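A.B. asks: Structure incoming, see below.
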Amino acid sequence: MNLSIDRCGPVDSARLDMGDLTVLVGPQATGKSVALQHLKLALEYPAIKRTLIDHGWDPTRTQESFLADYLGEGMGTLWNESTVVRLGGKSLRYDLIKSSNYKKAEHSVYYIPAQRVMTFENGWPRRFSTYDSSVPYVMREFSESLFLYLDRTYSSNSSGTLFPHPKSLKAVLKKSLADTVYHGATLGLDKSGTRKRLLLSPTADVHLPMAAWSAGQREFTPLVLSLNMLLPAAARGKHETIDTVIIEEPEMGLHPRAVVSFMLLVMELLARQYKVVLSTHSVTILETIWALGLMKGSLDGASRFCALFNQGQPKNLKEMAESVLGMSYKVYFFKPGPNGSVAVDISGMDPSAVRDEADWGGLTEHSTLIAELVAEGSTGYSD
């Protein structure tokens with residue numbers, strides 16, 4: 001799957017040859033989210049058109065109004081006469097979107113936005129139609145998916161437990177998250193009042209509303225609810241229509257150990273044959289991908305894989321390792337330039353390579369500087 005974007009808002013040029021796992025890095029406002037939203041649009045614009053129509057939007061007015069409805073208010077003029085977006089060589093054009101047959105279209109991409117915590121109001125996700133077009137489509141769709149999931153769960157789940165959910169996520173994944181994110185607390189549905197909401201219970205007698213949770217728990221909970229849907233407890237279970245999962249800035253609010261637990265969930269997504277695309281500012285995520293690359297072809301790769309994720313060597317984790325260590329990983333640096341950002345392939349992540357690749361798109365640049373300053377300072381010490 002190849003995505004190319006030229007002269008589109010903050011992106012001057014991007015050639016993205018997508019792997020099984022693809023990661024975008026770079027400073028803020030360099031176009032990573034623009035690229036990810038265009039990837040979703042190119043993969044499933046008939047389904048996006050259907051969702052907009054179902055919720056009262058008219059995506060067939062003009063190109064500018066459609067882009068404003070999809071990307072958010074103020075983004076309607078992002079495309080100009082020189083903008084080119086292609087997926088697999090096929091151009092993405094408004095006339096194709098406008099004329100597409102949408103009535104039986106199904107979503108194949110699940111997009112988890114960076115602003116995911118903002119989809120909750122008083123401990124419960126908002127409906128798609130309660131937002132206006134100032135909010136990007138991907139956030140509205142994500143909010144609606146969580147609402148529908150929790151509404152169904154509220155009606156059918158007698159225990160009200162969402163984490164650890166008895167029918168979602170493997171035991172090893174739930175234990176990792178329990179140790180690093182929830183610290184033994186359970187996530188559940190409040191069935192005592194008249195208004196639906198989520199509660200976090202660190203003990204049997206203490207029930208905390210979302211406003212009282214840690215920042216990391218608030219940020220991560222919408223993500224883990226999504227993964228409950230995508231990763232049923234069955235060994236090879238998968239969503240019936242979703243093939244690609246896009247996650248923006250999963251590290252928000254998380255301690256590095258919790259980021260490692262998240263990456264274990266990514267490995268499970270890959271093992272179940274989802275394509276995964278991330279944007280991140282986390283060195284921990286890139287360190288994990290670098291380590292995975294070094295393990296490829298290793299005789300003890302499965303054992304080292306288990307150690308990387310702070311696990312023993314359970315059989316199902318070894319099976320996961322054997323699956324994902326043979327997959328492809330791609331990393332792109334959205335490098336600022338005079339005419340916008342240019343996507344640089346830094347997938348080799350070689351510390352001896354040219355600067356952009358050696359510094360992992362700037363994520364290790366400051367650490368390298370500090371190491372150099374410390375090394376220089378140490379030469380001046382006397383006995």
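Residues in the structure tokens are numbered from 1 in each chain, the chains being A, B, ... in the order shown, and ligands are numbered from 1 in the order shown.
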Give me, as a Markdown table, each residue of range 218-243 of chain A that comes within 7 Å of range 110-124 of chain A, together with its shortest interatomic pair and the distance in Å at one decimal, counting only C-alpha atoms, with rows ordered by chain and rising residue number.

C.D. replies:
| residue | atom | partner | partner_atom | distance |
| --- | --- | --- | --- | --- |
| A:Arg218 | CA | A:Val117 | CA | 6.3 |
| A:Glu219 | CA | A:Val117 | CA | 5.4 |
| A:Pro222 | CA | A:Arg116 | CA | 6.4 |
| A:Ile242 | CA | A:Tyr110 | CA | 6.5 |

A.B. asks: Which one is closest to Asp54 in chain A: A:Ser129, A:Ile289, A:Ala271, A:Arg355? Count only C-alpha atoms.

C.D. replies: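 The answer is A:Ser129, which sits nearest to Asp54 in chain A.
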
A.B. asks: With only C-alpha atoms as the atoms that count, which of A:Glu240, A:His107, A:Tyr149, A:Met295 lies nearest to Arg126 in chain A?

C.D. replies: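 Closest to Arg126 in chain A of all the choices is A:Tyr149.
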
A.B. asks: Tell me which of A:Gln311, A:Ser168, A:Ser100, A:Ser133 sits closest to Ser226 in chain A, counting only C-alpha atoms.

C.D. replies: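 Smallest distance to Ser226 in chain A is found for A:Ser168.
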
A.B. asks: At what distance in Å, to one decimal, does CA of Leu231 in chain A lie from CA of Phe305 in chain A?

C.D. replies: 20.3 Å

A.B. asks: Give me, as a list in words, all polymer residues having an atom no more than 12 Å from Ser82 in chain A, counting only C-alpha atoms and skipping those fewer than 6 positions away in the same chain.

C.D. replies: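 Contacts, in chain order: Ile5, Asp6, Arg7, Cys8, Gly9, Asp12 and Ser13 of chain A.
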
A.B. asks: Export N, CA and C atoms of the chosen residues as a PDB file, in the first residue's frame?

C.D. replies:
ATOM      1  N   ILE A   5       1.488  12.135  -1.272  1.00  0.00           N
ATOM      2  CA  ILE A   5       0.801  13.411  -1.070  1.00  0.00           C
ATOM      3  C   ILE A   5       1.755  14.520  -1.506  1.00  0.00           C
ATOM      4  N   ASP A   6       1.268  15.408  -2.343  1.00  0.00           N
ATOM      5  CA  ASP A   6       2.072  16.545  -2.795  1.00  0.00           C
ATOM      6  C   ASP A   6       1.292  17.835  -2.634  1.00  0.00           C
ATOM      7  N   ARG A   7       1.948  18.817  -2.037  1.00  0.00           N
ATOM      8  CA  ARG A   7       1.422  20.176  -1.935  1.00  0.00           C
ATOM      9  C   ARG A   7       0.004  20.189  -1.351  1.00  0.00           C
ATOM     10  N   CYS A   8      -0.091  19.624  -0.180  1.00  0.00           N
ATOM     11  CA  CYS A   8      -1.379  19.539   0.520  1.00  0.00           C
ATOM     12  C   CYS A   8      -1.230  20.140   1.913  1.00  0.00           C
ATOM     13  N   GLY A   9      -1.640  21.403   2.065  1.00  0.00           N
ATOM     14  CA  GLY A   9      -1.530  22.057   3.361  1.00  0.00           C
ATOM     15  C   GLY A   9      -0.088  22.101   3.839  1.00  0.00           C
ATOM     16  N   ASP A  12       4.546  19.247   1.879  1.00  0.00           N
ATOM     17  CA  ASP A  12       5.057  19.544   0.540  1.00  0.00           C
ATOM     18  C   ASP A  12       5.151  18.270  -0.290  1.00  0.00           C
ATOM     19  N   SER A  13       5.739  17.217   0.299  1.00  0.00           N
ATOM     20  CA  SER A  13       5.896  15.967  -0.434  1.00  0.00           C
ATOM     21  C   SER A  13       6.025  14.806   0.540  1.00  0.00           C
TER      22      SER A  13
END

A.B. asks: For each of A:Lys98, A:Ser91, A:Gly76, A:Val224, take the minimum atom-to-atom distance to Pro46 in chain A, counting only C-alpha atoms, then give the residue where this is smallest.

C.D. replies: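 Checking each candidate against Pro46 in chain A, we get A:Lys98 as the closest.
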
A.B. asks: Go through range 64-147 of chain A and collect every residue that DSSP, computed from the backbone, puts in alpha helix (DSSP H); the answer should be as a list of chain:residue names.

C.D. replies: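 Alpha helix (DSSP H) members of range 64-147 of chain A, listed: A:Glu64, A:Ser65, A:Phe66, A:Leu67, A:Ala68, A:Asp69, A:Tyr70, A:Leu71, A:Tyr94, A:Asp95, A:Leu96, A:Ile97, A:Lys98, A:Ser99, A:Tyr137, A:Val138, A:Met139, A:Arg140, A:Glu141, A:Phe142, A:Ser143, A:Glu144, A:Ser145, A:Leu146, A:Phe147.
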
A.B. asks: Keeping N, CA and C atoms, export the residues of the selection given above as a PDB file, in the first residue's frame.

C.D. replies:
ATOM      1  N   GLU A  64     -14.703  22.353  -1.410  1.00  0.00           N
ATOM      2  CA  GLU A  64     -14.308  23.104  -0.216  1.00  0.00           C
ATOM      3  C   GLU A  64     -15.174  22.754   0.982  1.00  0.00           C
ATOM      4  N   SER A  65     -16.484  22.649   0.783  1.00  0.00           N
ATOM      5  CA  SER A  65     -17.368  22.322   1.904  1.00  0.00           C
ATOM      6  C   SER A  65     -17.138  20.893   2.380  1.00  0.00           C
ATOM      7  N   PHE A  66     -16.866  19.975   1.444  1.00  0.00           N
ATOM      8  CA  PHE A  66     -16.593  18.596   1.848  1.00  0.00           C
ATOM      9  C   PHE A  66     -15.330  18.517   2.692  1.00  0.00           C
ATOM     10  N   LEU A  67     -14.263  19.171   2.251  1.00  0.00           N
ATOM     11  CA  LEU A  67     -13.015  19.128   3.008  1.00  0.00           C
ATOM     12  C   LEU A  67     -13.170  19.774   4.382  1.00  0.00           C
ATOM     13  N   ALA A  68     -13.966  20.838   4.465  1.00  0.00           N
ATOM     14  CA  ALA A  68     -14.220  21.466   5.756  1.00  0.00           C
ATOM     15  C   ALA A  68     -14.999  20.525   6.671  1.00  0.00           C
ATOM     16  N   ASP A  69     -15.963  19.793   6.104  1.00  0.00           N
ATOM     17  CA  ASP A  69     -16.726  18.830   6.897  1.00  0.00           C
ATOM     18  C   ASP A  69     -15.855  17.654   7.338  1.00  0.00           C
ATOM     19  N   TYR A  70     -14.911  17.252   6.495  1.00  0.00           N
ATOM     20  CA  TYR A  70     -14.081  16.086   6.804  1.00  0.00           C
ATOM     21  C   TYR A  70     -12.876  16.441   7.680  1.00  0.00           C
ATOM     22  N   LEU A  71     -12.123  17.461   7.288  1.00  0.00           N
ATOM     23  CA  LEU A  71     -10.897  17.810   8.006  1.00  0.00           C
ATOM     24  C   LEU A  71     -11.136  18.782   9.150  1.00  0.00           C
ATOM     25  N   TYR A  94     -12.055  14.892  -5.729  1.00  0.00           N
ATOM     26  CA  TYR A  94     -13.373  15.151  -5.178  1.00  0.00           C
ATOM     27  C   TYR A  94     -14.482  14.592  -6.051  1.00  0.00           C
ATOM     28  N   ASP A  95     -14.307  14.607  -7.394  1.00  0.00           N
ATOM     29  CA  ASP A  95     -15.372  14.097  -8.257  1.00  0.00           C
ATOM     30  C   ASP A  95     -15.600  12.598  -8.029  1.00  0.00           C
ATOM     31  N   LEU A  96     -14.524  11.869  -7.670  1.00  0.00           N
ATOM     32  CA  LEU A  96     -14.689  10.447  -7.350  1.00  0.00           C
ATOM     33  C   LEU A  96     -15.472  10.266  -6.051  1.00  0.00           C
ATOM     34  N   ILE A  97     -15.139  11.107  -5.063  1.00  0.00           N
ATOM     35  CA  ILE A  97     -15.850  11.039  -3.776  1.00  0.00           C
ATOM     36  C   ILE A  97     -17.330  11.388  -3.981  1.00  0.00           C
ATOM     37  N   LYS A  98     -17.565  12.452  -4.711  1.00  0.00           N
ATOM     38  CA  LYS A  98     -18.936  12.945  -4.910  1.00  0.00           C
ATOM     39  C   LYS A  98     -19.807  11.915  -5.623  1.00  0.00           C
ATOM     40  N   SER A  99     -19.252  11.214  -6.611  1.00  0.00           N
ATOM     41  CA  SER A  99     -20.045  10.283  -7.422  1.00  0.00           C
ATOM     42  C   SER A  99     -19.995   8.843  -6.924  1.00  0.00           C
ATOM     43  N   TYR A 137     -13.866  15.055  11.156  1.00  0.00           N
ATOM     44  CA  TYR A 137     -14.712  13.869  10.984  1.00  0.00           C
ATOM     45  C   TYR A 137     -14.202  12.686  11.792  1.00  0.00           C
ATOM     46  N   VAL A 138     -12.878  12.459  11.803  1.00  0.00           N
ATOM     47  CA  VAL A 138     -12.355  11.257  12.467  1.00  0.00           C
ATOM     48  C   VAL A 138     -12.683  11.260  13.954  1.00  0.00           C
ATOM     49  N   MET A 139     -12.746  12.438  14.558  1.00  0.00           N
ATOM     50  CA  MET A 139     -13.093  12.510  15.975  1.00  0.00           C
ATOM     51  C   MET A 139     -14.577  12.222  16.181  1.00  0.00           C
ATOM     52  N   ARG A 140     -15.423  12.750  15.302  1.00  0.00           N
ATOM     53  CA  ARG A 140     -16.869  12.508  15.412  1.00  0.00           C
ATOM     54  C   ARG A 140     -17.181  11.018  15.216  1.00  0.00           C
ATOM     55  N   GLU A 141     -16.540  10.404  14.230  1.00  0.00           N
ATOM     56  CA  GLU A 141     -16.789   8.985  13.968  1.00  0.00           C
ATOM     57  C   GLU A 141     -16.310   8.127  15.137  1.00  0.00           C
ATOM     58  N   PHE A 142     -15.145   8.468  15.678  1.00  0.00           N
ATOM     59  CA  PHE A 142     -14.613   7.731  16.825  1.00  0.00           C
ATOM     60  C   PHE A 142     -15.555   7.840  18.017  1.00  0.00           C
ATOM     61  N   SER A 143     -16.038   9.050  18.280  1.00  0.00           N
ATOM     62  CA  SER A 143     -16.956   9.274  19.400  1.00  0.00           C
ATOM     63  C   SER A 143     -18.227   8.446  19.236  1.00  0.00           C
ATOM     64  N   GLU A 144     -18.767   8.415  18.023  1.00  0.00           N
ATOM     65  CA  GLU A 144     -19.981   7.635  17.751  1.00  0.00           C
ATOM     66  C   GLU A 144     -19.736   6.151  17.967  1.00  0.00           C
ATOM     67  N   SER A 145     -18.563   5.652  17.537  1.00  0.00           N
ATOM     68  CA  SER A 145     -18.273   4.223  17.698  1.00  0.00           C
ATOM     69  C   SER A 145     -18.195   3.843  19.177  1.00  0.00           C
ATOM     70  N   LEU A 146     -17.607   4.710  19.994  1.00  0.00           N
ATOM     71  CA  LEU A 146     -17.544   4.440  21.434  1.00  0.00           C
ATOM     72  C   LEU A 146     -18.933   4.491  22.061  1.00  0.00           C
ATOM     73  N   PHE A 147     -19.749   5.466  21.642  1.00  0.00           N
ATOM     74  CA  PHE A 147     -21.105   5.560  22.173  1.00  0.00           C
ATOM     75  C   PHE A 147     -21.880   4.272  21.895  1.00  0.00           C
TER      76      PHE A 147
END

A.B. asks: Please provide the set of residues having any atom within 7 Å of Lys275 in chain A, restricted to only C-alpha atoms, with same-chain residues fewer than 3 positions apart removed, written as a list of chain:residue names.

C.D. replies: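 Counting only the stated atoms, we get A:Asp20, A:Leu21, A:Asp243, A:Thr244, A:Val245, A:Leu270.
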
A.B. asks: Generate a file of the selected residues that holds N, CA, C and O atoms, formatted as a PDB file, in the first residue's frame.

C.D. replies:
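Result written to again.pdb:
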ATOM      1  N   ASP A  20       3.597  -3.367   7.480  1.00  0.00           N
ATOM      2  CA  ASP A  20       2.574  -3.927   8.371  1.00  0.00           C
ATOM      3  C   ASP A  20       2.351  -2.974   9.539  1.00  0.00           C
ATOM      4  O   ASP A  20       1.219  -2.765   9.983  1.00  0.00           O
ATOM      5  N   LEU A  21       3.442  -2.384  10.035  1.00  0.00           N
ATOM      6  CA  LEU A  21       3.391  -1.325  11.037  1.00  0.00           C
ATOM      7  C   LEU A  21       4.125  -0.114  10.459  1.00  0.00           C
ATOM      8  O   LEU A  21       5.278  -0.221  10.035  1.00  0.00           O
ATOM      9  N   ASP A 243      -9.675  -3.497   8.556  1.00  0.00           N
ATOM     10  CA  ASP A 243      -8.374  -4.027   8.146  1.00  0.00           C
ATOM     11  C   ASP A 243      -7.209  -3.168   8.623  1.00  0.00           C
ATOM     12  O   ASP A 243      -6.095  -3.668   8.804  1.00  0.00           O
ATOM     13  N   THR A 244      -7.443  -1.866   8.801  1.00  0.00           N
ATOM     14  CA  THR A 244      -6.383  -0.922   9.147  1.00  0.00           C
ATOM     15  C   THR A 244      -6.762  -0.151  10.398  1.00  0.00           C
ATOM     16  O   THR A 244      -7.895   0.330  10.520  1.00  0.00           O
ATOM     17  N   VAL A 245      -5.808  -0.041  11.328  1.00  0.00           N
ATOM     18  CA  VAL A 245      -6.020   0.711  12.566  1.00  0.00           C
ATOM     19  C   VAL A 245      -5.021   1.861  12.598  1.00  0.00           C
ATOM     20  O   VAL A 245      -3.809   1.648  12.495  1.00  0.00           O
ATOM     21  N   LEU A 270      -1.137  -6.647  15.097  1.00  0.00           N
ATOM     22  CA  LEU A 270      -0.398  -7.142  13.941  1.00  0.00           C
ATOM     23  C   LEU A 270      -0.567  -8.651  13.787  1.00  0.00           C
ATOM     24  O   LEU A 270      -0.762  -9.156  12.672  1.00  0.00           O
TER      25      LEU A 270
END

A.B. asks: Taking into account only C-alpha atoms, which residue in the set A:Ala185, A:Val266, A:Ile285, A:Cys306 is nearest to Leu230 in chain A?

C.D. replies: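 Smallest separation from Leu230 in chain A among the options: A:Val266.
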
A.B. asks: Quote the spacing between CA of Gly361 in chain A and CA of Phe333 in chain A in Å to one decimal place.

C.D. replies: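 So the answer is 5.1 Å.
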
A.B. asks: Suppose you want the space between CA of Gly88 in chain A and CA of Met1 in chain A; what is it in Å?

C.D. replies: 5.9 Å

A.B. asks: Just want the 9 Å neighbourhood of range 208-210 of chain A, counted on only C-alpha atoms, with same-chain residues fewer than 3 positions away dropped. Output as a PyMOL selection string.

C.D. replies: chain A and resi 122-123+197-202+213-214+217-218

A.B. asks: Name the residues of range 137-314 of chain A that come out as strand (DSSP E) in a backbone DSSP run; write them as a ChimeraX atom specification.

C.D. replies: /A:161-163,186-189,198-203,206-209,244-248,275-279

A.B. asks: Between A:Asn2, A:Glu249, A:Pro232, A:Val331, single out the one closest to Gln28 in chain A, counting only C-alpha atoms.

C.D. replies: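 Counting only C-alpha atoms, the residue closest to Gln28 in chain A is A:Glu249.
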
A.B. asks: Tell me which protein, DNA and RNA residues are within 12 Å of Thr203 in chain A, counting only C-alpha atoms, leaving out same-chain ones fewer than 5 positions away, and put them as a list in words.

C.D. replies: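 Skipping anything fewer than 5 positions along the chain leaves Tyr182, His183, Gly184, Ala185, Thr186, Leu187 and Leu208 of chain A.
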
A.B. asks: With a distance cut-off of 10 Å and only C-alpha atoms, select the neighbouring residues of Pro166 in chain A, excluding the residue or stretch itself and same-chain residues fewer than 5 positions from it, and output the selection as a PyMOL selection string.

C.D. replies: chain A and resi 161+171+174+232-233

A.B. asks: Only all heavy atoms, please: the residues just picked out, written as a PDB file, in the first residue's frame.

C.D. replies:
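selection_14.pdb written:
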ATOM      1  N   THR A 161     -18.476  -4.551  33.938  1.00  0.00           N
ATOM      2  CA  THR A 161     -17.015  -4.454  33.897  1.00  0.00           C
ATOM      3  C   THR A 161     -16.513  -4.311  32.465  1.00  0.00           C
ATOM      4  O   THR A 161     -16.803  -5.138  31.612  1.00  0.00           O
ATOM      5  CB  THR A 161     -16.371  -5.697  34.547  1.00  0.00           C
ATOM      6  OG1 THR A 161     -16.835  -5.821  35.888  1.00  0.00           O
ATOM      7  CG2 THR A 161     -14.859  -5.576  34.544  1.00  0.00           C
ATOM      8  N   ALA A 171      -5.371 -12.726  28.357  1.00  0.00           N
ATOM      9  CA  ALA A 171      -5.003 -12.538  29.763  1.00  0.00           C
ATOM     10  C   ALA A 171      -3.667 -11.818  29.912  1.00  0.00           C
ATOM     11  O   ALA A 171      -3.509 -10.941  30.771  1.00  0.00           O
ATOM     12  CB  ALA A 171      -4.957 -13.892  30.472  1.00  0.00           C
ATOM     13  N   LYS A 174      -4.193  -8.103  29.351  1.00  0.00           N
ATOM     14  CA  LYS A 174      -4.905  -7.472  30.468  1.00  0.00           C
ATOM     15  C   LYS A 174      -3.998  -7.308  31.685  1.00  0.00           C
ATOM     16  O   LYS A 174      -4.029  -6.274  32.358  1.00  0.00           O
ATOM     17  CB  LYS A 174      -6.153  -8.292  30.816  1.00  0.00           C
ATOM     18  CG  LYS A 174      -7.273  -8.133  29.803  1.00  0.00           C
ATOM     19  CD  LYS A 174      -8.554  -8.810  30.209  1.00  0.00           C
ATOM     20  CE  LYS A 174      -8.557 -10.281  29.884  1.00  0.00           C
ATOM     21  NZ  LYS A 174      -9.918 -10.864  29.908  1.00  0.00           N
ATOM     22  N   PRO A 232     -11.176  -9.232  20.362  1.00  0.00           N
ATOM     23  CA  PRO A 232     -11.934 -10.159  21.212  1.00  0.00           C
ATOM     24  C   PRO A 232     -11.012 -11.226  21.776  1.00  0.00           C
ATOM     25  O   PRO A 232      -9.932 -11.494  21.235  1.00  0.00           O
ATOM     26  CB  PRO A 232     -12.974 -10.739  20.259  1.00  0.00           C
ATOM     27  CG  PRO A 232     -12.423 -10.526  18.896  1.00  0.00           C
ATOM     28  CD  PRO A 232     -11.622  -9.261  18.956  1.00  0.00           C
ATOM     29  N   ALA A 233     -11.426 -11.839  22.868  1.00  0.00           N
ATOM     30  CA  ALA A 233     -10.555 -12.782  23.579  1.00  0.00           C
ATOM     31  C   ALA A 233     -10.209 -14.007  22.750  1.00  0.00           C
ATOM     32  O   ALA A 233      -9.185 -14.654  22.988  1.00  0.00           O
ATOM     33  CB  ALA A 233     -11.216 -13.204  24.896  1.00  0.00           C
TER      34      ALA A 233
END
